[in-house]
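Below is one structure; the comments refer to it alone.
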Amino acid sequence: PAGIDRIARDVLGLRMGPFELMDLTGLDVTAAVIDSIWRGFRYSDRLRASYLTPNRVAAGLYGRKSGHGFYSYAPDAAPPEEEPVTGDADRPVQIAGDGPEADALRRTLTQAGANLSPSDQAIVLVPTWGTTVAAAVFADGLPTRRTLGIDPLSLDTPRRVLAATPASDPDVVRDARAVLTRSGATVTVARDTAGSVAQRLLSSIVSVAASIAERSIATPDDIDTAVTAGLGYPHGPLAWGELVGGRRLLTLQEALHRTTGDPRYR
């Protein structure tokens, strides 16, 4: 939860991460609302409720009001700490692939003074959009233990997001964090999955807003106004979708659906 909330704030620019927000509103309230929406739209797969919230409600973990939810609010509770950076910031790095995302990553690392020289010891970074790092390793014949993914959405933000596979060498992960912090950014390491944390959140935000517009519940302008004024998002969800690009978002949505098989992403 802490890692997801940090990515939501630092990469997407949200005021609060989803777990912080649920703890604030109360999980008893949140779980009831989520279930109500799911039932009201005839159990639509894309609105399927998570099992995490009702389990916590059953345990009396309502969030701030009960002293514990996804986080502890006891008087002596400390906020979750970031893992310290201990790796080799001078280890060479190789960028896999071509295209604007790989070029942007090269520029970011060059400006930070990173050592971009391919070798059999270099960290291999591959930008991924909607797919897994493991798929890129397989498709492009990349070194299994030295290849990590990086979320392109995080490149121009205060937080870089790495993805590690089960085969990733822990020393490579540690050194990659050190290299990426050269620019002053903080680094979060997530497990390899189809799309990153930020990509999945953004995909859901835009998809639900598009569904509201499709049903003529509200106009696109009014949806964007409601979300920016009510939730403090940096962009309205449909304006955000246009910033990213309809084609690129469709590619993301289709890749998430194809890779996970989850009808949530239909």
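Ordering of the structure tokens sets the chain letters (A, B, ...); residue numbers start at 1 within each chain; ligands are numbered from 1 in the order shown.
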Selection: 12 Å around A:Ala190, only C-alpha atoms, excl. self and same-chain fewer than 3 positions, as a ChimeraX atom specification: /A:1-4,6-7,132-133,148-151,160-166,168,173,177,187,193-198
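The residues of stretch 47-96 of chain A that DSSP assigns to helix (DSSP H, G or I) on this backbone come out as Leu47, Leu52, Thr53, Pro54, Asn55, Arg56, Val57, Ala58, Arg64, Lys65 and Ser66 of chain A.
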Those residues with N, CA, C and O atoms, as a PDB file, in the first residue's frame please?
ATOM      1  N   LEU A  47     -15.952  -2.872 -12.965  1.00  0.00           N
ATOM      2  CA  LEU A  47     -16.205  -2.248 -11.660  1.00  0.00           C
ATOM      3  C   LEU A  47     -16.169  -3.285 -10.529  1.00  0.00           C
ATOM      4  O   LEU A  47     -16.606  -2.998  -9.415  1.00  0.00           O
ATOM      5  N   LEU A  52     -10.171  -7.004  -0.685  1.00  0.00           N
ATOM      6  CA  LEU A  52      -9.372  -6.459   0.417  1.00  0.00           C
ATOM      7  C   LEU A  52     -10.193  -5.595   1.365  1.00  0.00           C
ATOM      8  O   LEU A  52      -9.988  -5.623   2.585  1.00  0.00           O
ATOM      9  N   THR A  53     -11.120  -4.798   0.813  1.00  0.00           N
ATOM     10  CA  THR A  53     -11.862  -3.882   1.693  1.00  0.00           C
ATOM     11  C   THR A  53     -12.848  -4.605   2.606  1.00  0.00           C
ATOM     12  O   THR A  53     -12.849  -4.354   3.818  1.00  0.00           O
ATOM     13  N   PRO A  54     -13.691  -5.524   2.122  1.00  0.00           N
ATOM     14  CA  PRO A  54     -14.610  -6.186   3.062  1.00  0.00           C
ATOM     15  C   PRO A  54     -13.886  -7.037   4.100  1.00  0.00           C
ATOM     16  O   PRO A  54     -14.366  -7.174   5.230  1.00  0.00           O
ATOM     17  N   ASN A  55     -12.739  -7.610   3.747  1.00  0.00           N
ATOM     18  CA  ASN A  55     -11.976  -8.379   4.738  1.00  0.00           C
ATOM     19  C   ASN A  55     -11.539  -7.491   5.891  1.00  0.00           C
ATOM     20  O   ASN A  55     -11.606  -7.886   7.062  1.00  0.00           O
ATOM     21  N   ARG A  56     -11.094  -6.279   5.584  1.00  0.00           N
ATOM     22  CA  ARG A  56     -10.655  -5.372   6.639  1.00  0.00           C
ATOM     23  C   ARG A  56     -11.838  -4.851   7.456  1.00  0.00           C
ATOM     24  O   ARG A  56     -11.741  -4.672   8.661  1.00  0.00           O
ATOM     25  N   VAL A  57     -12.952  -4.627   6.775  1.00  0.00           N
ATOM     26  CA  VAL A  57     -14.147  -4.189   7.505  1.00  0.00           C
ATOM     27  C   VAL A  57     -14.579  -5.272   8.497  1.00  0.00           C
ATOM     28  O   VAL A  57     -14.914  -4.987   9.650  1.00  0.00           O
ATOM     29  N   ALA A  58     -14.556  -6.534   8.052  1.00  0.00           N
ATOM     30  CA  ALA A  58     -14.944  -7.634   8.937  1.00  0.00           C
ATOM     31  C   ALA A  58     -14.020  -7.718  10.152  1.00  0.00           C
ATOM     32  O   ALA A  58     -14.442  -8.143  11.237  1.00  0.00           O
ATOM     33  N   ARG A  64      -8.582   5.512   9.779  1.00  0.00           N
ATOM     34  CA  ARG A  64      -8.245   6.461  10.849  1.00  0.00           C
ATOM     35  C   ARG A  64      -9.224   6.404  12.015  1.00  0.00           C
ATOM     36  O   ARG A  64      -8.851   6.528  13.174  1.00  0.00           O
ATOM     37  N   LYS A  65     -10.504   6.204  11.711  1.00  0.00           N
ATOM     38  CA  LYS A  65     -11.524   6.245  12.767  1.00  0.00           C
ATOM     39  C   LYS A  65     -11.355   5.111  13.782  1.00  0.00           C
ATOM     40  O   LYS A  65     -11.786   5.240  14.927  1.00  0.00           O
ATOM     41  N   SER A  66     -10.747   3.990  13.357  1.00  0.00           N
ATOM     42  CA  SER A  66     -10.554   2.858  14.268  1.00  0.00           C
ATOM     43  C   SER A  66      -9.103   2.717  14.722  1.00  0.00           C
ATOM     44  O   SER A  66      -8.786   1.820  15.502  1.00  0.00           O
TER      45      SER A  66
END
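Of the listed residues A:Arg48, A:Thr110, A:Asp98, A:Thr86, the one whose atoms come nearest to A:Asp140 is A:Asp98, with distances taken using only C-alpha atoms.
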Shell around stretch 35-39 of chain A at 12 Å using only C-alpha atoms, local window under 2 positions removed, as a list in words: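 Once the adjacent positions are removed, what remains is Leu27, Asp28, Val29, Thr30, Ala31, Ala32, Val33, Phe41, Arg42, Tyr43, Ser44, Asp45, Arg46, Leu47, Arg48, Ala49, Ser50, Tyr51, Thr53, Pro54, Val208 and Arg264 of chain A.
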Could you please write out, as number ranges by chain, every residue of stretch 36-164 of chain A that DSSP assigns to strand (DSSP E)? A: 93-95, 123-127, 147-150, 159-164
Using only C-alpha atoms, which residues sit within 12 Å of A:Gln94 once same-chain residues fewer than 6 positions away are excluded, as a VMD selection string? chain A and resid 102 to 103 105 to 106 109 to 110 114 to 127 142 to 143 146 to 149 176 179
Closest to A:Gly97 among A:Ser207, A:Arg215, A:Ala139, A:Leu202, using only C-alpha atoms?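 Closest candidate: A:Ala139.
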If you measure from atom CA of A:Leu12 to atom CA of A:Leu231, what distance in Å do you get, rounded to one decimal?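 Interatomic distance here is 13.1 Å.
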Atomic distance atom CA of A:Gly130 - atom CA of A:Tyr265, expressed in Å with one decimal: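 Separating atom CA of A:Gly130 from atom CA of A:Tyr265 is a distance of 11.1 Å.
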Grab the atom CA of A:Thr181 to atom CA of A:Tyr71 distance for me, in Å with one decimal place. 26.8 Å
